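Trainee: Sending over data-v5.cif (mmCIF, C-alpha atoms).
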```
data_protein
#
loop_
_atom_site.label_atom_id
_atom_site.label_comp_id
_atom_site.auth_asym_id
_atom_site.auth_seq_id
_atom_site.Cartn_x
_atom_site.Cartn_y
_atom_site.Cartn_z
CA MET A 1 -1.32 -33.12 -9.75
CA SER A 2 1.27 -33.35 -6.97
CA GLN A 3 1.79 -36.64 -5.19
CA ILE A 4 0.10 -36.98 -1.80
CA PRO A 5 2.76 -37.35 0.90
CA SER A 6 2.50 -40.20 3.39
CA HIS A 7 3.74 -38.05 6.28
CA VAL A 8 3.84 -34.32 7.09
CA ASP A 9 5.08 -32.33 10.03
CA THR A 10 1.80 -30.46 10.52
CA LEU A 11 -1.63 -31.24 9.09
CA ILE A 12 -4.19 -28.45 9.38
CA HIS A 13 -7.91 -29.04 8.94
CA ALA A 14 -9.85 -25.79 8.48
CA ASP A 15 -13.28 -24.94 7.15
CA TRP A 16 -11.88 -22.88 4.28
CA VAL A 17 -8.63 -22.49 2.39
CA ILE A 18 -8.15 -19.32 0.35
CA PRO A 19 -5.10 -20.00 -1.85
CA VAL A 20 -5.19 -16.58 -3.67
CA VAL A 21 -4.58 -18.35 -6.99
CA PRO A 22 -6.79 -18.61 -8.91
CA ARG A 23 -7.88 -15.17 -7.70
CA GLY A 24 -11.10 -15.25 -5.70
CA THR A 25 -11.01 -19.01 -5.07
CA VAL A 26 -12.41 -20.30 -1.78
CA LEU A 27 -11.88 -24.01 -1.07
CA GLU A 28 -14.28 -25.52 1.46
CA GLY A 29 -13.39 -28.63 3.46
CA TYR A 30 -9.73 -28.64 2.42
CA SER A 31 -6.61 -29.38 4.47
CA LEU A 32 -3.03 -28.14 4.34
CA GLY A 33 0.13 -30.12 5.05
CA LEU A 34 3.41 -28.49 6.09
CA THR A 35 6.76 -30.29 5.90
CA ASP A 36 10.01 -28.62 6.95
CA ASP A 37 9.81 -25.13 5.44
CA HIS A 38 7.32 -25.73 2.63
CA ILE A 39 3.71 -26.59 1.82
CA SER A 40 3.68 -30.30 1.04
CA ALA A 41 -0.06 -30.93 0.59
CA LEU A 42 -3.23 -29.05 -0.29
CA LEU A 43 -6.17 -31.40 -0.76
CA PRO A 44 -9.74 -32.21 0.31
CA ARG A 45 -9.94 -33.40 3.89
CA ASP A 46 -11.43 -36.76 2.93
CA GLU A 47 -8.23 -37.50 0.98
CA THR A 48 -5.96 -37.03 4.01
CA THR A 49 -6.84 -40.29 5.78
CA ALA A 50 -3.60 -41.99 4.71
CA ILE A 51 -1.39 -39.08 5.82
CA THR A 52 0.32 -39.28 9.21
CA ALA A 53 1.48 -36.13 10.94
CA ASP A 54 3.57 -35.09 13.91
CA GLU A 55 0.84 -32.59 14.76
CA VAL A 56 -2.77 -32.36 13.64
CA LEU A 57 -4.62 -29.06 14.11
CA GLU A 58 -8.41 -28.99 14.00
CA LEU A 59 -9.49 -25.42 13.25
CA PRO A 60 -13.27 -25.29 12.80
CA GLY A 61 -14.54 -21.87 11.78
CA HIS A 62 -11.10 -20.87 10.51
CA ALA A 63 -9.82 -19.84 7.10
CA LEU A 64 -6.26 -20.60 5.99
CA LEU A 65 -4.57 -18.12 3.69
CA PRO A 66 -1.06 -17.08 2.74
CA GLY A 67 0.62 -14.77 5.22
CA LEU A 68 0.15 -11.10 4.40
CA VAL A 69 2.98 -9.16 2.76
CA ASN A 70 3.62 -5.61 4.01
CA THR A 71 5.55 -4.20 1.07
CA HIS A 72 6.54 -0.84 2.54
CA GLY A 73 7.38 0.36 6.02
CA HIS A 74 9.93 1.71 8.45
CA ALA A 75 9.67 -0.81 11.28
CA ALA A 76 11.78 0.93 13.92
CA MET A 77 9.57 4.01 13.69
CA SER A 78 7.02 2.10 15.75
CA LEU A 79 8.77 3.82 18.67
CA LEU A 80 7.52 7.15 17.23
CA ARG A 81 3.89 6.01 17.01
CA GLY A 82 1.70 9.03 17.84
CA TYR A 83 4.71 11.34 18.22
CA ALA A 84 3.61 13.98 15.70
CA ASP A 85 0.09 13.50 14.43
CA ASP A 86 -2.30 15.56 12.29
CA LEU A 87 0.32 17.30 10.13
CA PRO A 88 1.01 17.46 6.37
CA LEU A 89 3.89 15.40 5.00
CA MET A 90 6.73 17.93 4.74
CA PRO A 91 6.13 19.77 8.08
CA TRP A 92 5.69 16.35 9.69
CA LEU A 93 9.05 15.21 8.30
CA GLU A 94 11.13 18.38 8.52
CA GLN A 95 9.92 19.81 11.83
CA HIS A 96 9.26 16.67 13.84
CA ILE A 97 10.32 13.27 12.51
CA TRP A 98 13.77 14.09 11.12
CA PRO A 99 14.82 16.04 14.27
CA ALA A 100 13.56 13.22 16.52
CA GLU A 101 15.46 10.67 14.48
CA GLY A 102 18.60 12.76 14.61
CA ALA A 103 18.40 12.85 18.40
CA HIS A 104 17.47 9.24 19.12
CA VAL A 105 18.13 6.77 16.30
CA ASP A 106 20.92 4.29 16.92
CA ALA A 107 21.28 0.52 16.72
CA GLY A 108 19.45 0.06 20.03
CA PHE A 109 16.51 2.17 18.87
CA VAL A 110 16.28 0.13 15.66
CA ALA A 111 16.53 -3.23 17.48
CA ASP A 112 13.73 -2.42 19.92
CA GLY A 113 11.56 -0.60 17.39
CA THR A 114 11.86 -3.45 14.90
CA ALA A 115 11.00 -6.05 17.56
CA LEU A 116 7.93 -4.02 18.55
CA ALA A 117 6.88 -3.81 14.90
CA ILE A 118 7.39 -7.53 14.38
CA ALA A 119 5.25 -8.36 17.41
CA GLU A 120 2.44 -6.23 15.99
CA MET A 121 2.81 -7.61 12.48
CA VAL A 122 2.83 -11.26 13.55
CA ARG A 123 -0.27 -10.76 15.69
CA SER A 124 -2.11 -9.23 12.71
CA GLY A 125 -1.16 -11.76 10.06
CA THR A 126 1.92 -10.37 8.34
CA THR A 127 4.58 -12.96 7.52
CA THR A 128 6.78 -10.85 5.21
CA PHE A 129 7.64 -7.18 5.50
CA SER A 130 9.77 -4.71 3.59
CA ASP A 131 11.80 -2.18 5.54
CA MET A 132 13.63 1.01 4.63
CA TYR A 133 15.46 2.53 7.58
CA PHE A 134 18.77 3.32 9.20
CA PHE A 135 20.90 0.51 10.67
CA PRO A 136 19.39 -2.03 8.24
CA ASP A 137 21.88 -4.60 9.52
CA THR A 138 20.19 -4.43 12.92
CA CYS A 139 16.73 -4.75 11.37
CA ALA A 140 17.85 -7.77 9.32
CA ALA A 141 19.38 -9.49 12.34
CA THR A 142 16.27 -8.84 14.45
CA ALA A 143 13.92 -10.18 11.78
CA GLN A 144 16.02 -13.31 11.27
CA ARG A 145 16.20 -13.92 15.03
CA LEU A 146 12.45 -13.51 15.50
CA GLY A 147 11.59 -15.54 12.41
CA LEU A 148 9.84 -13.02 10.17
CA ARG A 149 10.64 -12.94 6.45
CA CYS A 150 11.82 -9.55 5.20
CA GLN A 151 13.10 -7.44 2.37
CA ILE A 152 15.61 -4.93 3.71
CA THR A 153 16.00 -1.93 1.42
CA PHE A 154 19.10 -0.18 2.68
CA PRO A 155 18.71 3.62 2.63
CA VAL A 156 20.51 5.85 0.16
CA LEU A 157 20.52 9.60 0.82
CA ASP A 158 22.65 12.58 -0.15
CA PHE A 159 22.94 13.88 3.42
CA PRO A 160 24.45 12.43 6.60
CA THR A 161 22.53 10.49 9.24
CA ALA A 162 23.47 8.35 12.20
CA TRP A 163 24.18 5.44 9.83
CA ALA A 164 26.21 7.01 7.01
CA ARG A 165 27.71 10.31 5.85
CA ASN A 166 26.95 10.41 2.12
CA ALA A 167 25.66 8.34 -0.78
CA ASP A 168 29.00 6.59 -1.21
CA GLU A 169 28.94 5.30 2.35
CA TYR A 170 25.24 4.33 2.24
CA ILE A 171 25.84 2.26 -0.88
CA SER A 172 29.09 0.74 0.36
CA LYS A 173 27.57 -0.32 3.68
CA GLY A 174 24.44 -1.58 1.97
CA LEU A 175 26.38 -3.76 -0.46
CA ARG A 176 28.44 -5.12 2.42
CA LEU A 177 25.20 -6.03 4.21
CA ARG A 178 24.03 -7.80 1.05
CA ASP A 179 27.17 -9.93 1.08
CA GLU A 180 26.91 -10.65 4.81
CA THR A 181 23.28 -11.81 4.63
CA LYS A 182 23.43 -14.05 1.56
CA HIS A 183 23.27 -17.13 3.79
CA LEU A 184 20.17 -15.96 5.70
CA ASP A 185 17.06 -17.71 4.45
CA LEU A 186 14.58 -15.06 5.60
CA VAL A 187 16.43 -11.91 4.52
CA ASN A 188 16.53 -10.36 1.06
CA ILE A 189 18.48 -7.13 0.43
CA ALA A 190 17.42 -4.41 -2.02
CA PHE A 191 18.38 -0.79 -2.73
CA GLY A 192 16.37 1.90 -0.94
CA PRO A 193 17.03 5.34 -2.44
CA HIS A 194 14.74 7.46 -0.32
CA ALA A 195 13.18 9.75 -2.94
CA PRO A 196 14.11 11.91 -5.94
CA TYR A 197 14.07 14.99 -3.70
CA THR A 198 16.63 13.51 -1.27
CA VAL A 199 18.88 11.68 -3.75
CA SER A 200 20.53 13.39 -6.71
CA THR A 201 19.96 12.15 -10.23
CA ASP A 202 23.63 11.13 -10.44
CA ASN A 203 23.30 8.94 -7.35
CA LEU A 204 20.00 7.51 -8.58
CA LEU A 205 21.81 6.56 -11.79
CA ARG A 206 24.46 4.78 -9.71
CA VAL A 207 21.74 2.85 -7.90
CA ALA A 208 20.09 1.91 -11.20
CA THR A 209 23.39 0.67 -12.63
CA LEU A 210 24.36 -1.37 -9.57
CA ALA A 211 20.90 -2.86 -9.15
CA ALA A 212 20.89 -3.97 -12.79
CA GLU A 213 24.34 -5.56 -12.42
CA LEU A 214 23.28 -7.42 -9.27
CA ASP A 215 19.68 -8.16 -10.34
CA ALA A 216 18.58 -6.51 -7.10
CA GLY A 217 15.33 -4.80 -6.23
CA ILE A 218 14.88 -1.05 -5.81
CA GLN A 219 12.28 0.61 -3.60
CA ILE A 220 11.74 4.37 -3.71
CA HIS A 221 9.21 6.91 -2.43
CA LEU A 222 7.80 8.45 -5.60
CA HIS A 223 5.06 10.92 -6.56
CA GLU A 224 3.95 10.95 -2.94
CA THR A 225 2.24 14.34 -3.21
CA ARG A 226 1.23 16.74 -5.96
CA GLY A 227 3.55 19.36 -4.46
CA GLU A 228 6.55 17.03 -4.79
CA VAL A 229 5.84 16.51 -8.49
CA LEU A 230 5.27 20.23 -9.17
CA GLN A 231 8.50 21.13 -7.39
CA ALA A 232 10.44 18.67 -9.55
CA VAL A 233 8.87 20.01 -12.75
CA GLU A 234 9.73 23.58 -11.77
CA ALA A 235 13.31 22.65 -10.90
CA ASP A 236 14.14 20.15 -13.65
CA GLY A 237 11.43 20.50 -16.26
CA ALA A 238 10.45 16.84 -15.85
CA ARG A 239 8.20 14.72 -13.70
CA PRO A 240 10.18 12.45 -11.31
CA LEU A 241 8.84 9.27 -12.94
CA ASP A 242 10.09 10.42 -16.35
CA THR A 243 13.52 11.19 -14.91
CA LEU A 244 13.76 7.73 -13.36
CA ASN A 245 12.64 6.13 -16.59
CA GLU A 246 15.22 8.09 -18.57
CA ILE A 247 18.12 6.96 -16.36
CA GLY A 248 17.00 3.32 -16.40
CA LEU A 249 15.86 3.03 -12.81
CA LEU A 250 12.36 1.79 -13.71
CA GLY A 251 12.00 -1.91 -14.37
CA PRO A 252 10.34 -5.12 -13.16
CA ARG A 253 12.42 -5.03 -9.94
CA THR A 254 11.41 -1.43 -9.10
CA GLN A 255 8.90 -0.79 -6.32
CA CYS A 256 7.37 2.70 -6.54
CA VAL A 257 5.87 3.66 -3.19
CA HIS A 258 2.79 5.91 -2.83
CA MET A 259 2.27 7.19 -6.41
CA THR A 260 -0.67 9.43 -5.57
CA ASP A 261 -0.12 11.97 -8.36
CA LEU A 262 -0.31 10.11 -11.67
CA GLY A 263 -1.56 11.07 -15.10
CA ASP A 264 -2.44 8.71 -17.91
CA GLN A 265 1.06 9.05 -19.41
CA ASP A 266 2.63 8.14 -16.05
CA ILE A 267 0.49 5.02 -15.85
CA GLU A 268 1.47 4.06 -19.39
CA THR A 269 5.15 4.49 -18.47
CA LEU A 270 4.72 2.28 -15.41
CA ALA A 271 2.94 -0.42 -17.39
CA LYS A 272 5.63 -0.48 -20.08
CA SER A 273 8.45 -0.63 -17.52
CA GLY A 274 6.98 -3.52 -15.52
CA ALA A 275 7.51 -1.61 -12.27
CA SER A 276 5.21 -2.25 -9.30
CA VAL A 277 3.26 0.33 -7.32
CA VAL A 278 3.14 -0.02 -3.54
CA HIS A 279 -0.08 1.56 -2.31
CA CYS A 280 -0.15 2.89 1.28
CA PRO A 281 -3.74 4.14 1.62
CA GLN A 282 -3.95 4.81 5.35
CA SER A 283 -0.69 6.76 5.57
CA ASN A 284 -1.58 8.76 2.46
CA MET A 285 -5.01 9.59 3.87
CA LYS A 286 -3.65 10.57 7.28
CA LEU A 287 -1.03 12.90 5.79
CA ALA A 288 -3.51 14.17 3.17
CA SER A 289 -1.01 13.19 0.48
CA GLY A 290 -3.57 11.96 -2.05
CA ALA A 291 -4.80 8.65 -3.38
CA ALA A 292 -3.19 6.34 -5.90
CA PRO A 293 -5.45 5.79 -8.96
CA VAL A 294 -5.84 2.10 -8.21
CA LYS A 295 -8.57 1.39 -10.75
CA LYS A 296 -6.59 2.89 -13.64
CA LEU A 297 -3.41 1.11 -12.57
CA LEU A 298 -5.19 -2.24 -12.46
CA GLU A 299 -6.77 -1.65 -15.84
CA ALA A 300 -3.33 -0.85 -17.28
CA GLY A 301 -1.91 -4.13 -15.94
CA VAL A 302 0.42 -2.57 -13.35
CA ASN A 303 1.24 -4.88 -10.45
CA LEU A 304 -0.08 -3.45 -7.18
CA ALA A 305 1.11 -4.21 -3.67
CA LEU A 306 0.09 -2.88 -0.26
CA GLY A 307 2.13 -1.33 2.52
CA THR A 308 1.36 0.26 5.84
CA ASP A 309 4.22 2.79 5.82
CA SER A 310 5.46 3.49 9.35
CA ALA A 311 3.55 3.46 12.62
CA ALA A 312 4.49 7.13 12.90
CA SER A 313 2.29 7.99 9.91
CA ASN A 314 -0.39 5.30 9.94
CA ASN A 315 -0.44 4.63 13.08
CA ASP A 316 -0.50 0.85 12.90
CA LEU A 317 1.09 -1.97 10.91
CA ASN A 318 -2.14 -3.90 10.40
CA MET A 319 -2.55 -5.21 6.86
CA PHE A 320 -6.20 -6.14 7.41
CA GLY A 321 -6.96 -2.46 7.91
CA GLU A 322 -4.86 -1.64 4.88
CA MET A 323 -6.82 -4.05 2.67
CA GLN A 324 -10.12 -2.56 3.78
CA SER A 325 -8.89 1.01 3.36
CA ALA A 326 -7.49 0.25 -0.09
CA ALA A 327 -10.80 -1.20 -1.26
CA PHE A 328 -12.90 1.60 0.20
CA LEU A 329 -10.62 4.40 -1.02
CA ALA A 330 -10.48 3.00 -4.55
CA LYS A 331 -14.28 2.84 -4.67
CA LEU A 332 -14.68 6.36 -3.29
CA SER A 333 -12.03 8.09 -5.41
CA SER A 334 -13.22 6.47 -8.64
CA GLU A 335 -16.93 6.63 -7.75
CA ASP A 336 -17.11 2.98 -8.74
CA ALA A 337 -18.12 0.32 -6.20
CA THR A 338 -16.42 -2.35 -8.32
CA ALA A 339 -13.08 -0.55 -8.56
CA LEU A 340 -11.23 -2.84 -6.13
CA THR A 341 -12.89 -6.08 -5.05
CA ALA A 342 -12.14 -8.04 -1.90
CA ALA A 343 -10.31 -10.63 -4.00
CA ASP A 344 -8.17 -7.91 -5.61
CA ALA A 345 -7.34 -6.36 -2.22
CA LEU A 346 -6.27 -9.73 -0.84
CA TYR A 347 -4.15 -10.36 -3.93
CA MET A 348 -2.40 -7.00 -3.42
CA ALA A 349 -1.72 -7.92 0.22
CA THR A 350 -0.23 -11.30 -0.69
CA LEU A 351 0.91 -12.27 -4.18
CA GLY A 352 1.05 -8.67 -5.41
CA GLY A 353 3.55 -7.83 -2.69
CA ALA A 354 5.51 -11.01 -3.30
CA ARG A 355 5.71 -10.24 -7.01
CA ALA A 356 6.87 -6.66 -6.34
CA MET A 357 9.77 -8.02 -4.28
CA GLY A 358 10.62 -10.81 -6.72
CA LEU A 359 9.51 -13.47 -4.24
CA ASP A 360 6.35 -14.70 -5.97
CA ASP A 361 7.97 -18.08 -6.70
CA LYS A 362 8.32 -18.62 -2.93
CA ILE A 363 5.47 -16.86 -1.14
CA GLY A 364 2.16 -15.06 -1.63
CA SER A 365 -0.13 -18.01 -2.37
CA LEU A 366 -0.90 -21.43 -0.92
CA GLU A 367 0.57 -23.87 -3.46
CA THR A 368 2.47 -27.09 -2.91
CA GLY A 369 6.20 -26.50 -3.01
CA LYS A 370 5.97 -22.89 -1.89
CA GLN A 371 7.28 -21.73 1.48
CA ALA A 372 5.01 -22.54 4.42
CA ASP A 373 4.07 -18.92 5.19
CA VAL A 374 0.50 -19.43 6.39
CA ILE A 375 -2.00 -17.78 8.70
CA ALA A 376 -5.19 -19.16 10.25
CA VAL A 377 -7.98 -16.63 10.79
CA ASP A 378 -10.92 -17.35 13.10
CA LEU A 379 -14.16 -16.33 11.37
CA SER A 380 -16.48 -17.77 14.02
CA GLY A 381 -16.86 -14.60 16.10
CA PRO A 382 -19.88 -12.28 16.06
CA GLU A 383 -18.09 -9.65 13.95
CA CYS A 384 -17.93 -12.17 11.09
CA GLN A 385 -21.44 -13.63 11.37
CA PRO A 386 -23.49 -14.54 9.49
CA LEU A 387 -20.86 -15.72 7.05
CA TYR A 388 -21.90 -15.72 3.41
CA ASN A 389 -18.48 -15.19 1.81
CA PRO A 390 -15.27 -15.92 3.76
CA LEU A 391 -13.11 -13.86 1.42
CA SER A 392 -15.31 -10.78 1.77
CA GLN A 393 -15.38 -11.17 5.55
CA LEU A 394 -11.59 -11.26 5.67
CA VAL A 395 -11.29 -7.93 3.85
CA TYR A 396 -14.36 -6.07 5.06
CA ALA A 397 -15.05 -7.43 8.56
CA CYS A 398 -11.76 -8.64 10.08
CA ASN A 399 -9.40 -6.34 11.94
CA GLY A 400 -6.38 -8.60 12.50
CA SER A 401 -7.31 -9.75 15.99
CA GLN A 402 -8.94 -12.82 14.45
CA VAL A 403 -5.53 -14.21 13.42
CA ARG A 404 -5.00 -17.20 15.72
CA HIS A 405 -1.98 -18.96 14.21
CA SER A 406 0.92 -17.99 11.97
CA TRP A 407 3.77 -19.90 10.36
CA VAL A 408 6.82 -18.60 8.48
CA ALA A 409 8.86 -21.18 6.58
CA GLY A 410 7.04 -23.82 8.61
CA SER A 411 8.03 -22.34 11.96
CA GLN A 412 5.08 -21.31 14.11
CA LEU A 413 5.39 -17.71 15.30
CA LEU A 414 1.85 -17.37 16.68
CA ARG A 415 0.02 -20.19 18.43
CA ASP A 416 -3.50 -19.48 19.58
CA ARG A 417 -2.63 -15.73 19.78
CA HIS A 418 0.56 -16.38 21.78
CA LEU A 419 3.84 -15.10 20.34
CA THR A 420 6.26 -18.02 20.42
CA ARG A 421 9.53 -16.08 20.01
CA ILE A 422 8.87 -12.76 21.74
CA ASP A 423 8.61 -11.97 25.44
CA LEU A 424 5.85 -9.41 25.03
CA PRO A 425 5.80 -7.92 28.56
CA GLU A 426 9.56 -7.37 28.45
CA LEU A 427 9.34 -5.81 24.97
CA LEU A 428 6.53 -3.47 26.02
CA ALA A 429 8.59 -2.36 29.02
CA ARG A 430 11.44 -1.39 26.66
CA ALA A 431 9.01 0.53 24.45
CA LYS A 432 7.81 2.45 27.52
CA ASP A 433 11.42 3.30 28.42
CA TRP A 434 11.93 4.75 24.92
CA ARG A 435 8.78 6.84 25.25
CA ILE A 436 10.02 8.32 28.54
CA LYS A 437 13.46 9.02 27.07
CA ILE A 438 12.09 10.70 23.95
CA GLU A 439 9.60 12.80 25.92
CA MET A 440 12.30 13.99 28.32
CA ILE A 441 14.53 15.25 25.49
CA GLN A 442 11.52 16.72 23.65
CA GLN A 443 10.52 18.74 26.74
CA ALA A 444 14.08 19.86 27.58
#
```
Step by step, read the file and then write its structure as structure tokens.
Mentor:
Amino acid sequence: MSQIPSHVDTLIHADWVIPVVPRGTVLEGYSLGLTDDHISALLPRDETTAITADEVLELPGHALLPGLVNTHGHAAMSLLRGYADDLPLMPWLEQHIWPAEGAHVDAGFVADGTALAIAEMVRSGTTTFSDMYFFPDTCAATAQRLGLRCQITFPVLDFPTAWARNADEYISKGLRLRDETKHLDLVNIAFGPHAPYTVSTDNLLRVATLAAELDAGIQIHLHETRGEVLQAVEADGARPLDTLNEIGLLGPRTQCVHMTDLGDQDIETLAKSGASVVHCPQSNMKLASGAAPVKKLLEAGVNLALGTDSAASNNDLNMFGEMQSAAFLAKLSSEDATALTAADALYMATLGGARAMGLDDKIGSLETGKQADVIAVDLSGPECQPLYNPLSQLVYACNGSQVRHSWVAGSQLLRDRHLTRIDLPELLARAKDWRIKIEMIQQA
């Protein structure tokens, strides 16, 4: 049992604390103490009488839980929200998104798009996000400035973009970014090879070798659609997952995004490798890409995380919606109402994501000594009443607007729904300017 501190920076009294570990636990009448950047106390309220605090927050009707972890996205693409809807994946990419990116993406686009994404994520409970996009240095700097924890997976592609000309330059610039951000407490750098159909096997092998040498994470779009897998089998005689396993790219630091087309042998390969699956249910449903076999993956012991994907394919970055969609889709696709419980969905959105990124010793659960990444959710409104089970209400009834307060590393980013580091009217004006600019070029 940890020693009770005599003084904390912030002492929070809420009706419920949901620590995530042990899974499904709901603590009633508990309080949380934050000191500097970490959680310094988690104890029953009646044991806090001897603790002094710089600030005491009384939050009746609220639940405290670890900040949500959005394990896959492309933050700057928030500026393309609604740009090309109701299309299948490859026409959406090839005929709309990639041409728009070629015309508009630069450091300014990424700075404003990332800030817009961060504003949305903070207001809906996300305290850590993973990003794979061009100008990752700009995304990292924006996240650090605005106080949100992030994993930046620098892109690796075989073809030129506004950020780099070829795989050599992507990797070189990405490794330089890793060196430049080592001192940043909120930024973690990983490799982001886009997909097996956009990165050659030789370059994927290079990524696997470098990541192993540096003990760095790898995130990759994989088995996103049945067509992608069939195309690879026809071209190479092997499923993409088998190819990655053969070259040593699969391992405990690998984050496989989407994974909608999986057979039993694929799931066995994943389980043996220790790789994580990042499930993006809303994006996969919208693009009709398929559904990850969540029940089978859980039964095999594969670590599961949740991601929103981009606002261009979702169209939001709201992890509460993602938890609900993940639970409902798992039940529907398996025809089993117990396939993914509320507790499992919350685990995926917190500690599952932290584990996928190698950050589970720092974030993902409310435990003393861990980073003070905490959100307070107001369950007193009519949409959450009557309240029989706070954990179930969080997953099945909340929509993100109930998040009232948010802290990252002890710094408060949301106070009573007010963003403390972002001038929202000014940011929204910049987003409107981008919409006008993109529409003008689109119509020309």
Trainee: Please determine, counting only C-alpha atoms, which residue among A:Thr71, A:Thr114, A:Ser124, A:Thr269 has the shortest atom-to-atom distance to A:Arg417.
Mentor: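 Nearest candidate to A:Arg417 out of A:Thr71, A:Thr114, A:Ser124, A:Thr269: A:Ser124.
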Trainee: Near A:Val187, within 9 Å and counting only C-alpha atoms, which residues show up once chain neighbours fewer than 3 positions away are dropped, as a compact mmCIF listing (two decimals) with C-alpha atoms, in the frame of the given file?
Mentor:
```
# COMPACT_ATOMS: atom_id res chain seq x y z
CA ALA A 140 17.85 -7.77 9.32
CA ALA A 141 19.38 -9.49 12.34
CA ALA A 143 13.92 -10.18 11.78
CA GLN A 144 16.02 -13.31 11.27
CA LEU A 148 9.84 -13.02 10.17
CA ARG A 149 10.64 -12.94 6.45
CA CYS A 150 11.82 -9.55 5.20
CA GLN A 151 13.10 -7.44 2.37
CA ILE A 152 15.61 -4.93 3.71
CA THR A 181 23.28 -11.81 4.63
CA LYS A 182 23.43 -14.05 1.56
CA HIS A 183 23.27 -17.13 3.79
CA LEU A 184 20.17 -15.96 5.70
```
Trainee: Please write as a VMD selection string the full residue list that the PyMOL selection byres ((chain A and resi 377) around 12) yields on this file.
Mentor: chain A and resid 14 to 18 59 to 68 123 to 126 320 374 to 376 378 to 381 384 390 to 391 393 to 395 397 to 406 414 to 417
Trainee: Ranking A:Glu228, A:Asp423, A:Glu268, A:Asp433 by minimum distance to A:Ala115 and counting only C-alpha atoms, which one comes first?
Mentor: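 Looking only at the distances to A:Ala115, the closest residue turns out to be A:Asp423.
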Trainee: Separation of atom CA of A:Leu244 and atom CA of A:Leu157, in Å?
Mentor: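 Computing the Euclidean distance for atom CA of A:Leu244 and atom CA of A:Leu157 yields 15.8 Å.
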Trainee: Which neighbours of A:Gly24 fall inside 8 Å, counting all atoms listed in the file, when residues of the same chain fewer than 2 positions from it are skipped, and could you give them as a list in words?
Mentor: Ile18, Val20, Val21, Pro22, Val26, Ala343, Asp344 and Leu391 of chain A
Trainee: Run through the PyMOL selection byres ((chain A and resi 129) around 12) on the given coordinates and return the selected residues as a ChimeraX atom specification.
Mentor: /A:67-75,114,117-118,120-122,125-128,130-132,139-140,143-144,147-153,186-189,305-310,317-319,349-350,353-354,356-357,359,363-364,408
Trainee: For the provided coordinates, the residues matched by the PyMOL selection byres ((chain A and resi 110) around 10) should be stated as a PDB file with C-alpha atoms, in the coordinates of the input.
Mentor:
```pdb
ATOM      1  CA  HIS A  74       9.930   1.710   8.450  1.00  0.00           C
ATOM      2  CA  ALA A  75       9.670  -0.810  11.280  1.00  0.00           C
ATOM      3  CA  ALA A  76      11.780   0.930  13.920  1.00  0.00           C
ATOM      4  CA  MET A  77       9.570   4.010  13.690  1.00  0.00           C
ATOM      5  CA  SER A  78       7.020   2.100  15.750  1.00  0.00           C
ATOM      6  CA  LEU A  79       8.770   3.820  18.670  1.00  0.00           C
ATOM      7  CA  HIS A 104      17.470   9.240  19.120  1.00  0.00           C
ATOM      8  CA  VAL A 105      18.130   6.770  16.300  1.00  0.00           C
ATOM      9  CA  ASP A 106      20.920   4.290  16.920  1.00  0.00           C
ATOM     10  CA  ALA A 107      21.280   0.520  16.720  1.00  0.00           C
ATOM     11  CA  GLY A 108      19.450   0.060  20.030  1.00  0.00           C
ATOM     12  CA  PHE A 109      16.510   2.170  18.870  1.00  0.00           C
ATOM     13  CA  ALA A 111      16.530  -3.230  17.480  1.00  0.00           C
ATOM     14  CA  ASP A 112      13.730  -2.420  19.920  1.00  0.00           C
ATOM     15  CA  GLY A 113      11.560  -0.600  17.390  1.00  0.00           C
ATOM     16  CA  THR A 114      11.860  -3.450  14.900  1.00  0.00           C
ATOM     17  CA  ALA A 115      11.000  -6.050  17.560  1.00  0.00           C
ATOM     18  CA  LEU A 116       7.930  -4.020  18.550  1.00  0.00           C
ATOM     19  CA  TYR A 133      15.460   2.530   7.580  1.00  0.00           C
ATOM     20  CA  PHE A 134      18.770   3.320   9.200  1.00  0.00           C
ATOM     21  CA  PHE A 135      20.900   0.510  10.670  1.00  0.00           C
ATOM     22  CA  PRO A 136      19.390  -2.030   8.240  1.00  0.00           C
ATOM     23  CA  ASP A 137      21.880  -4.600   9.520  1.00  0.00           C
ATOM     24  CA  THR A 138      20.190  -4.430  12.920  1.00  0.00           C
ATOM     25  CA  CYS A 139      16.730  -4.750  11.370  1.00  0.00           C
ATOM     26  CA  THR A 142      16.270  -8.840  14.450  1.00  0.00           C
TER      27      THR A 142
END
```
Trainee: For atom CA of A:Tyr197 and atom CA of A:Ala232, determine how far apart the two atoms are, in Å to one decimal place.
Mentor: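 Distance between the two atoms: 7.8 Å.
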Trainee: At a cut-off of 10 Å, can you tabulate as JSON lines every residue of stretch 143-235 of chain A near stretch 290-301 of chain A together with its closest atom pair and the distance in Å to one decimal, using all atoms listed in the file and ordering rows by chain then number?
Mentor:
```
{"residue": "A:His223", "atom": "CA", "partner": "A:Ala292", "partner_atom": "CA", "distance": 9.5}
{"residue": "A:Glu224", "atom": "CA", "partner": "A:Gly290", "partner_atom": "CA", "distance": 7.6}
{"residue": "A:Thr225", "atom": "CA", "partner": "A:Gly290", "partner_atom": "CA", "distance": 6.4}
{"residue": "A:Arg226", "atom": "CA", "partner": "A:Gly290", "partner_atom": "CA", "distance": 7.8}
```
Trainee: At a cut-off of 8 Å, using all atoms listed in the file, what residues contact A:Pro5? Leave out same-chain residues fewer than 2 positions from it and give the result as an MDAnalysis selection string.
Mentor: chainID A and resid 3 7:8 40:41 51
Trainee: Extract, using only C-alpha atoms, all DNA, RNA and protein residues at most 12 Å from A:Leu175, discarding same-chain residues fewer than 3 positions from it, and format them as a PyMOL selection string.
Mentor: chain A and resi 136-137+152-156+168-172+178-182+188-192+207+210-211+214+216
